[in-house]
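This is target18.cif. It holds mmCIF, C-alpha atoms (C1' of nucleotides).
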```cif
data_target
loop_
_atom_site.group_PDB
_atom_site.id
_atom_site.type_symbol
_atom_site.label_atom_id
_atom_site.label_comp_id
_atom_site.auth_asym_id
_atom_site.auth_seq_id
_atom_site.Cartn_x
_atom_site.Cartn_y
_atom_site.Cartn_z
ATOM 1 C CA MET A 256 -52.674 -138.691 -63.019
ATOM 2 C CA LYS A 257 -49.273 -137.627 -64.298
ATOM 3 C CA VAL A 258 -48.294 -136.938 -67.931
ATOM 4 C CA ALA A 259 -44.942 -135.990 -69.418
ATOM 5 C CA THR A 260 -43.514 -134.895 -72.753
ATOM 6 C CA PHE A 261 -39.954 -135.194 -74.060
ATOM 7 C CA ASN A 262 -38.318 -134.351 -77.359
ATOM 8 C CA CYS A 263 -35.688 -137.080 -77.006
ATOM 9 C CA ASN A 264 -33.789 -136.328 -80.253
ATOM 10 C CA SER A 265 -33.242 -140.019 -81.096
ATOM 11 C CA LEU A 266 -35.004 -142.697 -79.070
ATOM 12 C CA ARG A 267 -32.120 -145.138 -79.563
ATOM 13 C CA THR A 268 -29.599 -142.730 -78.049
ATOM 14 C CA ARG A 269 -31.864 -141.721 -75.143
ATOM 15 C CA LEU A 270 -33.585 -145.052 -74.401
ATOM 16 C CA SER A 271 -31.859 -145.697 -71.067
ATOM 17 C CA ILE A 272 -32.521 -142.122 -69.876
ATOM 18 C CA ILE A 273 -36.188 -142.533 -70.796
ATOM 19 C CA LEU A 274 -36.618 -145.942 -69.164
ATOM 20 C CA GLU A 275 -34.922 -144.843 -65.954
ATOM 21 C CA TRP A 276 -37.094 -141.738 -65.765
ATOM 22 C CA LEU A 277 -40.227 -143.802 -66.433
ATOM 23 C CA GLN A 278 -39.397 -146.290 -63.707
ATOM 24 C CA LYS A 279 -38.611 -143.594 -61.178
ATOM 25 C CA ASN A 280 -41.592 -141.338 -61.927
ATOM 26 C CA THR A 281 -44.217 -143.800 -63.233
ATOM 27 C CA PRO A 282 -46.306 -141.258 -65.191
ATOM 28 C CA ASP A 283 -49.589 -142.435 -66.696
ATOM 29 C CA VAL A 284 -48.546 -141.030 -70.066
ATOM 30 C CA LEU A 285 -45.260 -140.167 -71.775
ATOM 31 C CA PHE A 286 -45.274 -138.301 -75.095
ATOM 32 C CA LEU A 287 -42.024 -138.621 -77.089
ATOM 33 C CA GLN A 288 -40.943 -136.618 -80.136
ATOM 34 C CA GLU A 289 -38.042 -136.885 -82.581
ATOM 35 C CA THR A 290 -37.694 -140.624 -82.055
ATOM 36 C CA LYS A 291 -35.827 -140.839 -85.390
ATOM 37 C CA ILE A 292 -36.585 -144.516 -85.714
ATOM 38 C CA GLN A 293 -38.547 -146.587 -88.199
ATOM 39 C CA ASP A 294 -41.476 -148.614 -86.884
ATOM 40 C CA LYS A 295 -39.781 -151.930 -87.731
ATOM 41 C CA ASP A 296 -36.876 -151.025 -85.418
ATOM 42 C CA PHE A 297 -38.919 -149.573 -82.522
ATOM 43 C CA PRO A 298 -37.906 -150.979 -79.089
ATOM 44 C CA THR A 299 -41.464 -152.016 -78.210
ATOM 45 C CA LYS A 300 -40.272 -154.725 -75.821
ATOM 46 C CA ALA A 301 -38.343 -152.316 -73.588
ATOM 47 C CA PHE A 302 -41.516 -150.307 -72.954
ATOM 48 C CA LYS A 303 -43.638 -153.430 -72.387
ATOM 49 C CA GLU A 304 -41.102 -154.650 -69.825
ATOM 50 C CA ALA A 305 -41.272 -151.267 -68.098
ATOM 51 C CA GLY A 306 -45.040 -151.784 -67.823
ATOM 52 C CA TYR A 307 -46.186 -149.470 -70.611
ATOM 53 C CA GLU A 308 -48.269 -149.827 -73.713
ATOM 54 C CA ILE A 309 -46.581 -147.938 -76.541
ATOM 55 C CA TRP A 310 -47.867 -146.492 -79.813
ATOM 56 C CA TYR A 311 -45.625 -144.974 -82.436
ATOM 57 C CA VAL A 312 -45.313 -143.621 -85.926
ATOM 58 C CA GLY A 313 -41.817 -143.128 -87.257
ATOM 59 C CA GLN A 314 -39.662 -142.726 -90.326
ATOM 60 C CA LYS A 315 -35.984 -142.967 -91.189
ATOM 61 C CA SER A 316 -33.637 -140.280 -89.765
ATOM 62 C CA TYR A 317 -36.154 -137.559 -88.978
ATOM 63 C CA ASN A 318 -39.212 -136.815 -86.865
ATOM 64 C CA GLY A 319 -41.156 -139.690 -85.282
ATOM 65 C CA VAL A 320 -43.543 -139.575 -82.312
ATOM 66 C CA ALA A 321 -44.451 -142.199 -79.706
ATOM 67 C CA THR A 322 -46.896 -142.269 -76.800
ATOM 68 C CA ALA A 323 -46.542 -144.611 -73.818
ATOM 69 C CA THR A 324 -49.433 -145.288 -71.437
ATOM 70 C CA LYS A 325 -49.384 -147.124 -68.096
ATOM 71 C CA ALA A 326 -52.732 -148.823 -68.656
ATOM 72 C CA SER A 327 -54.173 -149.976 -71.955
ATOM 73 C CA SER A 328 -54.927 -147.437 -74.664
ATOM 74 C CA GLU A 329 -56.079 -147.484 -78.246
ATOM 75 C CA ILE A 330 -54.765 -145.880 -81.390
ATOM 76 C CA ILE A 331 -56.961 -143.184 -82.940
ATOM 77 C CA LYS A 332 -54.835 -141.599 -85.665
ATOM 78 C CA LYS A 333 -51.335 -141.530 -87.124
ATOM 79 C CA ASN A 334 -50.313 -138.437 -89.132
ATOM 80 C CA LEU A 335 -52.565 -135.685 -90.467
ATOM 81 C CA ASP A 336 -54.411 -136.431 -93.731
ATOM 82 C CA MET A 337 -53.743 -132.947 -95.050
ATOM 83 C CA ASP A 338 -49.973 -133.358 -94.639
ATOM 84 C CA LYS A 339 -49.065 -134.658 -98.076
ATOM 85 C CA ASN A 340 -45.399 -134.919 -96.977
ATOM 86 C CA ASN A 341 -46.716 -137.538 -94.551
ATOM 87 C CA GLU A 342 -44.032 -136.657 -91.985
ATOM 88 C CA ALA A 343 -44.264 -138.596 -88.707
ATOM 89 C CA ARG A 344 -45.336 -135.693 -86.499
ATOM 90 C CA PHE A 345 -48.811 -136.534 -85.197
ATOM 91 C CA LEU A 346 -50.064 -139.416 -83.075
ATOM 92 C CA GLU A 347 -53.413 -139.628 -81.326
ATOM 93 C CA VAL A 348 -54.330 -142.211 -78.707
ATOM 94 C CA SER A 349 -57.363 -142.744 -76.485
ATOM 95 C CA TYR A 350 -56.626 -143.437 -72.810
ATOM 96 C CA LYS A 351 -59.331 -143.868 -70.162
ATOM 97 C CA GLY A 352 -61.711 -141.582 -72.021
ATOM 98 C CA ILE A 353 -59.097 -138.893 -72.677
ATOM 99 C CA ARG A 354 -57.767 -138.069 -76.131
ATOM 100 C CA LEU A 355 -53.972 -137.822 -76.075
ATOM 101 C CA ILE A 356 -52.576 -135.859 -79.020
ATOM 102 C CA ASN A 357 -48.810 -135.999 -79.467
ATOM 103 C CA VAL A 358 -47.332 -133.430 -81.862
ATOM 104 C CA TYR A 359 -43.944 -132.512 -83.255
ATOM 105 C CA ILE A 360 -44.501 -129.225 -85.082
ATOM 106 C CA PRO A 361 -41.952 -128.558 -87.877
ATOM 107 C CA GLN A 362 -39.120 -126.309 -86.716
ATOM 108 C CA GLY A 363 -39.302 -124.190 -89.871
ATOM 109 C CA THR A 364 -35.564 -123.736 -90.622
ATOM 110 C CA SER A 365 -35.833 -120.000 -91.450
ATOM 111 C CA VAL A 366 -38.698 -117.642 -92.250
ATOM 112 C CA ASP A 367 -37.706 -117.378 -95.926
ATOM 113 C CA SER A 368 -37.594 -121.149 -96.468
ATOM 114 C CA GLU A 369 -40.253 -123.538 -97.734
ATOM 115 C CA ARG A 370 -39.981 -125.338 -94.429
ATOM 116 C CA PHE A 371 -41.410 -122.260 -92.714
ATOM 117 C CA GLN A 372 -44.491 -122.299 -94.941
ATOM 118 C CA TYR A 373 -44.823 -126.014 -94.211
ATOM 119 C CA LYS A 374 -44.709 -125.189 -90.495
ATOM 120 C CA LEU A 375 -47.512 -122.618 -90.819
ATOM 121 C CA ASN A 376 -49.537 -125.061 -92.911
ATOM 122 C CA PHE A 377 -48.980 -127.840 -90.386
ATOM 123 C CA LEU A 378 -50.323 -125.621 -87.584
ATOM 124 C CA ASP A 379 -53.377 -124.840 -89.763
ATOM 125 C CA TRP A 380 -53.973 -128.528 -90.541
ATOM 126 C CA LEU A 381 -53.671 -129.449 -86.879
ATOM 127 C CA TYR A 382 -56.129 -126.719 -85.917
ATOM 128 C CA LEU A 383 -58.608 -127.799 -88.576
ATOM 129 C CA TYR A 384 -58.381 -131.441 -87.509
ATOM 130 C CA VAL A 385 -58.810 -130.769 -83.785
ATOM 131 C CA THR A 386 -61.571 -128.171 -84.044
ATOM 132 C CA SER A 387 -63.590 -130.111 -86.621
ATOM 133 C CA THR A 388 -63.291 -133.351 -84.636
ATOM 134 C CA TYR A 389 -63.723 -132.183 -81.029
ATOM 135 C CA SER A 390 -65.363 -129.655 -78.768
ATOM 136 C CA PRO A 391 -63.486 -127.717 -76.066
ATOM 137 C CA LYS A 392 -65.721 -129.605 -73.602
ATOM 138 C CA ASP A 393 -64.073 -132.914 -74.557
ATOM 139 C CA PRO A 394 -61.212 -134.104 -72.343
ATOM 140 C CA ILE A 395 -58.104 -133.651 -74.501
ATOM 141 C CA ILE A 396 -54.430 -133.395 -73.673
ATOM 142 C CA MET A 397 -52.250 -132.164 -76.529
ATOM 143 C CA ALA A 398 -48.539 -132.162 -75.799
ATOM 144 C CA GLY A 399 -45.223 -132.056 -77.560
ATOM 145 C CA ASP A 400 -42.653 -129.851 -79.207
ATOM 146 C CA PHE A 401 -44.505 -126.930 -80.813
ATOM 147 C CA ASN A 402 -41.365 -125.045 -81.864
ATOM 148 C CA VAL A 403 -43.087 -121.721 -81.074
ATOM 149 C CA ALA A 404 -42.239 -119.369 -78.194
ATOM 150 C CA MET A 405 -45.130 -117.035 -77.415
ATOM 151 C CA THR A 406 -43.793 -114.127 -75.350
ATOM 152 C CA ASP A 407 -40.573 -112.339 -74.379
ATOM 153 C CA LYS A 408 -40.527 -114.420 -71.194
ATOM 154 C CA ASP A 409 -40.212 -117.568 -73.284
ATOM 155 C CA VAL A 410 -36.942 -116.768 -75.114
ATOM 156 C CA TYR A 411 -33.569 -115.903 -73.572
ATOM 157 C CA ALA A 412 -32.889 -113.010 -75.993
ATOM 158 C CA PRO A 413 -36.283 -111.880 -77.332
ATOM 159 C CA ASN A 414 -34.955 -108.776 -79.056
ATOM 160 C CA ASP A 415 -32.357 -110.780 -80.959
ATOM 161 C CA PHE A 416 -34.885 -113.370 -82.136
ATOM 162 C CA ARG A 417 -38.042 -111.338 -82.702
ATOM 163 C CA GLY A 418 -39.446 -112.183 -86.122
ATOM 164 C CA ASP A 419 -37.136 -115.183 -86.528
ATOM 165 C CA VAL A 420 -38.181 -118.794 -86.819
ATOM 166 C CA CYS A 421 -39.831 -120.097 -83.614
ATOM 167 C CA PHE A 422 -40.518 -116.489 -82.499
ATOM 168 C CA HIS A 423 -42.470 -115.107 -85.441
ATOM 169 C CA PRO A 424 -45.967 -113.532 -85.274
ATOM 170 C CA GLU A 425 -47.388 -115.846 -87.969
ATOM 171 C CA GLU A 426 -46.537 -118.869 -85.784
ATOM 172 C CA GLN A 427 -47.666 -117.201 -82.577
ATOM 173 C CA ILE A 428 -51.054 -116.273 -84.080
ATOM 174 C CA ARG A 429 -51.548 -119.906 -85.080
ATOM 175 C CA LEU A 430 -50.659 -121.313 -81.662
ATOM 176 C CA GLN A 431 -52.781 -118.636 -79.984
ATOM 177 C CA ARG A 432 -55.799 -119.947 -81.918
ATOM 178 C CA PHE A 433 -55.620 -123.215 -79.963
ATOM 179 C CA PHE A 434 -55.704 -121.282 -76.677
ATOM 180 C CA THR A 435 -58.635 -119.168 -77.866
ATOM 181 C CA TRP A 436 -60.494 -122.332 -78.888
ATOM 182 C CA GLY A 437 -60.140 -123.846 -75.421
ATOM 183 C CA PHE A 438 -56.709 -125.323 -74.740
ATOM 184 C CA VAL A 439 -54.930 -124.151 -71.596
ATOM 185 C CA ASP A 440 -51.124 -123.756 -71.660
ATOM 186 C CA LEU A 441 -50.696 -125.558 -68.352
ATOM 187 C CA TYR A 442 -47.241 -124.271 -67.472
ATOM 188 C CA ARG A 443 -48.087 -120.616 -68.084
ATOM 189 C CA HIS A 444 -51.455 -121.029 -66.377
ATOM 190 C CA LYS A 445 -49.847 -122.390 -63.210
ATOM 191 C CA TYR A 446 -46.770 -120.138 -63.274
ATOM 192 C CA PRO A 447 -47.584 -116.774 -64.925
ATOM 193 C CA ASP A 448 -44.152 -115.304 -64.174
ATOM 194 C CA GLU A 449 -41.699 -118.210 -64.218
ATOM 195 C CA ILE A 450 -39.243 -118.821 -67.050
ATOM 196 C CA GLY A 451 -39.939 -122.473 -67.798
ATOM 197 C CA TYR A 452 -37.475 -123.086 -70.636
ATOM 198 C CA THR A 453 -37.618 -126.600 -72.075
ATOM 199 C CA PHE A 454 -34.999 -126.321 -74.836
ATOM 200 C CA TRP A 455 -31.385 -125.156 -74.940
ATOM 201 C CA ASP A 456 -29.787 -125.247 -78.390
ATOM 202 C CA TYR A 457 -26.733 -127.511 -78.629
ATOM 203 C CA ARG A 458 -25.137 -124.910 -80.903
ATOM 204 C CA ILE A 459 -24.926 -122.245 -78.186
ATOM 205 C CA PRO A 460 -21.708 -122.871 -76.231
ATOM 206 C CA ASN A 461 -22.655 -123.715 -72.629
ATOM 207 C CA GLY A 462 -26.207 -122.679 -73.492
ATOM 208 C CA PHE A 463 -27.722 -124.757 -70.711
ATOM 209 C CA LYS A 464 -25.272 -123.564 -68.049
ATOM 210 C CA ARG A 465 -25.926 -119.973 -69.102
ATOM 211 C CA ASN A 466 -29.679 -120.699 -69.240
ATOM 212 C CA MET A 467 -29.952 -119.533 -72.844
ATOM 213 C CA GLY A 468 -33.176 -121.417 -73.507
ATOM 214 C CA TRP A 469 -36.611 -121.380 -75.052
ATOM 215 C CA ARG A 470 -40.025 -122.496 -73.815
ATOM 216 C CA ILE A 471 -41.279 -124.348 -76.887
ATOM 217 C CA ASP A 472 -42.527 -127.642 -75.428
ATOM 218 C CA TYR A 473 -46.047 -127.579 -74.037
ATOM 219 C CA ILE A 474 -48.662 -129.640 -72.283
ATOM 220 C CA LEU A 475 -52.067 -128.264 -73.266
ATOM 221 C CA ALA A 476 -55.360 -129.469 -71.834
ATOM 222 C CA THR A 477 -58.985 -128.557 -72.320
ATOM 223 C CA ASN A 478 -60.598 -126.709 -69.408
ATOM 224 C CA GLY A 479 -62.263 -129.630 -67.667
ATOM 225 C CA LEU A 480 -58.892 -131.320 -67.240
ATOM 226 C CA ALA A 481 -56.912 -128.126 -66.708
ATOM 227 C CA SER A 482 -59.093 -127.241 -63.710
ATOM 228 C CA HIS A 483 -57.685 -130.333 -61.960
ATOM 229 C CA LEU A 484 -54.037 -129.398 -62.525
ATOM 230 C CA LYS A 485 -52.029 -129.952 -59.361
ATOM 231 C CA ASP A 486 -48.485 -129.226 -60.483
ATOM 232 C CA ILE A 487 -46.314 -128.885 -63.562
ATOM 233 C CA ASN A 488 -42.577 -128.632 -63.901
ATOM 234 C CA VAL A 489 -39.481 -128.911 -66.043
ATOM 235 C CA GLU A 490 -37.090 -131.796 -65.268
ATOM 236 C CA LYS A 491 -33.796 -129.953 -65.577
ATOM 237 C CA GLU A 492 -31.746 -132.748 -63.927
ATOM 238 C CA LEU A 493 -31.831 -134.722 -67.179
ATOM 239 C CA ARG A 494 -29.483 -132.170 -68.704
ATOM 240 C CA ALA A 495 -26.758 -133.195 -66.254
ATOM 241 C CA LEU A 496 -26.719 -136.781 -67.555
ATOM 242 C CA PRO A 497 -24.217 -137.891 -70.203
ATOM 243 C CA LYS A 498 -25.365 -137.194 -73.770
ATOM 244 C CA PRO A 499 -28.526 -135.271 -72.899
ATOM 245 C CA SER A 500 -31.152 -134.231 -75.425
ATOM 246 C CA ASP A 501 -31.291 -130.528 -76.274
ATOM 247 C CA HIS A 502 -34.810 -130.553 -74.783
ATOM 248 C CA THR A 503 -35.853 -131.808 -71.388
ATOM 249 C CA ILE A 504 -38.930 -133.421 -69.884
ATOM 250 C CA LEU A 505 -41.952 -131.307 -69.008
ATOM 251 C CA TRP A 506 -44.459 -133.058 -66.741
ATOM 252 C CA ALA A 507 -47.867 -132.218 -65.300
ATOM 253 C CA GLU A 508 -49.802 -133.821 -62.477
ATOM 254 C CA PHE A 509 -53.600 -133.710 -62.199
ATOM 255 C CA ALA A 510 -55.640 -134.287 -59.047
ATOM 256 C CA LEU A 511 -57.563 -137.026 -60.823
ATOM 257 C CA THR A 512 -57.834 -140.762 -60.297
ATOM 258 C CA LEU A 513 -58.879 -142.515 -63.456
ATOM 259 C "C1'" DA B 706 -11.108 -117.484 -81.977
ATOM 260 C "C1'" DT B 707 -13.743 -116.375 -89.148
ATOM 261 C "C1'" DG B 708 -14.995 -121.897 -85.376
ATOM 262 C "C1'" DG B 709 -18.240 -123.991 -82.193
ATOM 263 C "C1'" DT B 710 -23.160 -129.314 -81.199
ATOM 264 C "C1'" DG B 711 -25.628 -133.483 -82.313
ATOM 265 C "C1'" DG B 712 -28.072 -137.392 -84.772
ATOM 266 C "C1'" DC B 713 -28.745 -139.869 -88.819
ATOM 267 C "C1'" DA B 714 -27.324 -141.577 -92.970
ATOM 268 C "C1'" DC B 715 -24.604 -140.744 -96.154
ATOM 269 C "C1'" DC B 716 -20.888 -138.098 -98.726
ATOM 270 C "C1'" DG B 717 -25.546 -133.225 -96.518
ATOM 271 C "C1'" DC B 718 -29.843 -132.336 -94.003
ATOM 272 C "C1'" DC B 719 -32.336 -130.981 -90.252
ATOM 273 C "C1'" DA B 720 -32.675 -129.083 -85.886
#
```
Would you put the structure from the file into structure tokens?
Amino acid sequence: MKVATFNCNSLRTRLSIILEWLQKNTPDVLFLQETKIQDKDFPTKAFKEAGYEIWYVGQKSYNGVATATKASSEIIKKNLDMDKNNEARFLEVSYKGIRLINVYIPQGTSVDSERFQYKLNFLDWLYLYVTSTYSPKDPIIMAGDFNVAMTDKDVYAPNDFRGDVCFHPEEQIRLQRFFTWGFVDLYRHKYPDEIGYTFWDYRIPNGFKRNMGWRIDYILATNGLASHLKDINVEKELRALPKPSDHTILWAEFALTL
DNA sequence: ATGGTGGCACCGCCA
């Protein structure tokens, strides 16, 4: 079983990249974030024709998450009840007995902004939802753009960014809680010393070429699933295509036949 | 070098 996550930064702009990658790699699951498309405009047909069932929750201009599955799946939940902004950042699907939670955590803008408090709240709401609904013994994969780097290894210039948005202790404490509860950070588990960046800011000139990146996209799994992890990697080749996203695909393969 | 990217929808916001 193979799963992948991609902050595509506009599904419309990246649709051909996504479909080509899907057809070449045929993952069981693809989690997409920042689709930036309203549900009425979602290209459902393109995914059906590629052989995938697709679930989505979107809004105009911002945010939006979608989850594609190779075999049939069912919708469990769209958005978090406690998020009164009702931003399209959470989508939960059930697939062959596994809960698939797709998240796009708010970026936070800057630590002194209201958006940063919203980010911390969102992490709290997500934690409350997951831990009150499930046990760490349940098979759960939670993947997406968490907008939090955890350690110095996960940011290209840790001393420049320490305490800034996406590298702030209040965010790190909140993400750490998920690991303490029972989620395994699959990339770090498999590769304790690799870099593993998944995001290179468009605003840094030649940031990708100079490898000035961040590891802020994750595939997390509860222990039962994580123990079957075979491989996980970052698909850097996507960044060489025309008009790439500022993130790239992270994928994980499990030694499991469902 | 006092700017520089990108997407969306508007005439700025968010990342």
Exercise. Pick out the closest residue to chain B from this set: A:Trp469, A:Tyr457, A:Phe302, A:Phe433. Count all atoms listed in the file.
Key: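 Residue with the minimum atom-to-atom distance to chain B: A:Tyr457.
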Practice problem: Tell me, as a PyMOL selection string, which residues lie within 12 Å of B:DG712, counting all atoms listed in the file; anything in the same chain fewer than 4 positions away does not count. | Solution: (chain A and resi 263-269+289-292+315-318+457+498+500-501) or (chain B and resi 718-720)
With C-alpha atoms (C1' of nucleotides) retained, write the just-selected residues as a short mmCIF file (atom, residue, chain, number, x, y, z; two decimals), in the coordinates of the input.
```
data_model
loop_
_atom_site.label_atom_id
_atom_site.label_comp_id
_atom_site.auth_asym_id
_atom_site.auth_seq_id
_atom_site.Cartn_x
_atom_site.Cartn_y
_atom_site.Cartn_z
CA CYS A 263 -35.69 -137.08 -77.01
CA ASN A 264 -33.79 -136.33 -80.25
CA SER A 265 -33.24 -140.02 -81.10
CA LEU A 266 -35.00 -142.70 -79.07
CA ARG A 267 -32.12 -145.14 -79.56
CA THR A 268 -29.60 -142.73 -78.05
CA ARG A 269 -31.86 -141.72 -75.14
CA GLU A 289 -38.04 -136.88 -82.58
CA THR A 290 -37.69 -140.62 -82.06
CA LYS A 291 -35.83 -140.84 -85.39
CA ILE A 292 -36.58 -144.52 -85.71
CA LYS A 315 -35.98 -142.97 -91.19
CA SER A 316 -33.64 -140.28 -89.76
CA TYR A 317 -36.15 -137.56 -88.98
CA ASN A 318 -39.21 -136.82 -86.86
CA TYR A 457 -26.73 -127.51 -78.63
CA LYS A 498 -25.36 -137.19 -73.77
CA SER A 500 -31.15 -134.23 -75.42
CA ASP A 501 -31.29 -130.53 -76.27
"C1'" DC B 718 -29.84 -132.34 -94.00
"C1'" DC B 719 -32.34 -130.98 -90.25
"C1'" DA B 720 -32.67 -129.08 -85.89
#
```
Practice problem: Just say which residues the PyMOL selection byres ((chain A and resi 397-411) around 6) picks in this file, as a ChimeraX atom specification. | Solution: /A:260,355-360,362,396,412-413,421-422,427,467-475
Self-check item: Neighbour list for A:Glu492 as a list of chain:residue names, cut-off 10 Å, all atoms listed in the file, skip fewer than 6 positions in-chain
Solution: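 The filter keeps A:Pro499, A:Thr503, A:Ile504.
Taking atom CA of A:Ser482 and atom CA of A:Leu378 as endpoints, the distance between them is 25.5 Å.
Atom CA of A:Tyr446 to atom CA of A:Ile487 spans 8.8 Å [interatomic distance, one decimal].
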Practice problem: Could you check how far atom CA of A:Val420 sits from atom CA of A:Asn262, in Å to one decimal? | Solution: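 Atom-to-atom, atom CA of A:Val420 and atom CA of A:Asn262 are spaced 18.2 Å apart.
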Quiz item: So which one's closest to chain B, A:Tyr442, A:Arg370, A:Thr386, A:Leu430? Using all atoms listed in the file, please.
Solution: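 For chain B, the nearest of the candidates is A:Arg370.
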Exercise. Report as a list in words the residues that result from applying the PyMOL selection byres ((chain A and resi 507) around 9) to the structure here.
Key: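 This file gives the following for the PyMOL selection byres ((chain A and resi 507) around 9): Met256, Lys257, Val258, Ala259, Leu441, Tyr442, Ile474, Leu484, Lys485, Asp486, Ile487, Asn488, Leu505, Trp506, Glu508 and Phe509 of chain A.
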As JSON, what would the box around stretch 415-425 of chain A look like: edges along x, y and z, 3 Å added on every side, centre and edge lengths in Å to one decimal?
```
{"center_x": -39.9, "center_y": -115.4, "center_z": -84.5, "size_x": 21.0, "size_y": 15.3, "size_z": 13.0}
```
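Nearest to B:DG709 of all the residues A:His502, A:His483, A:Arg458, A:Lys445 is A:Arg458, based on only C-alpha atoms (C1' of nucleotides).
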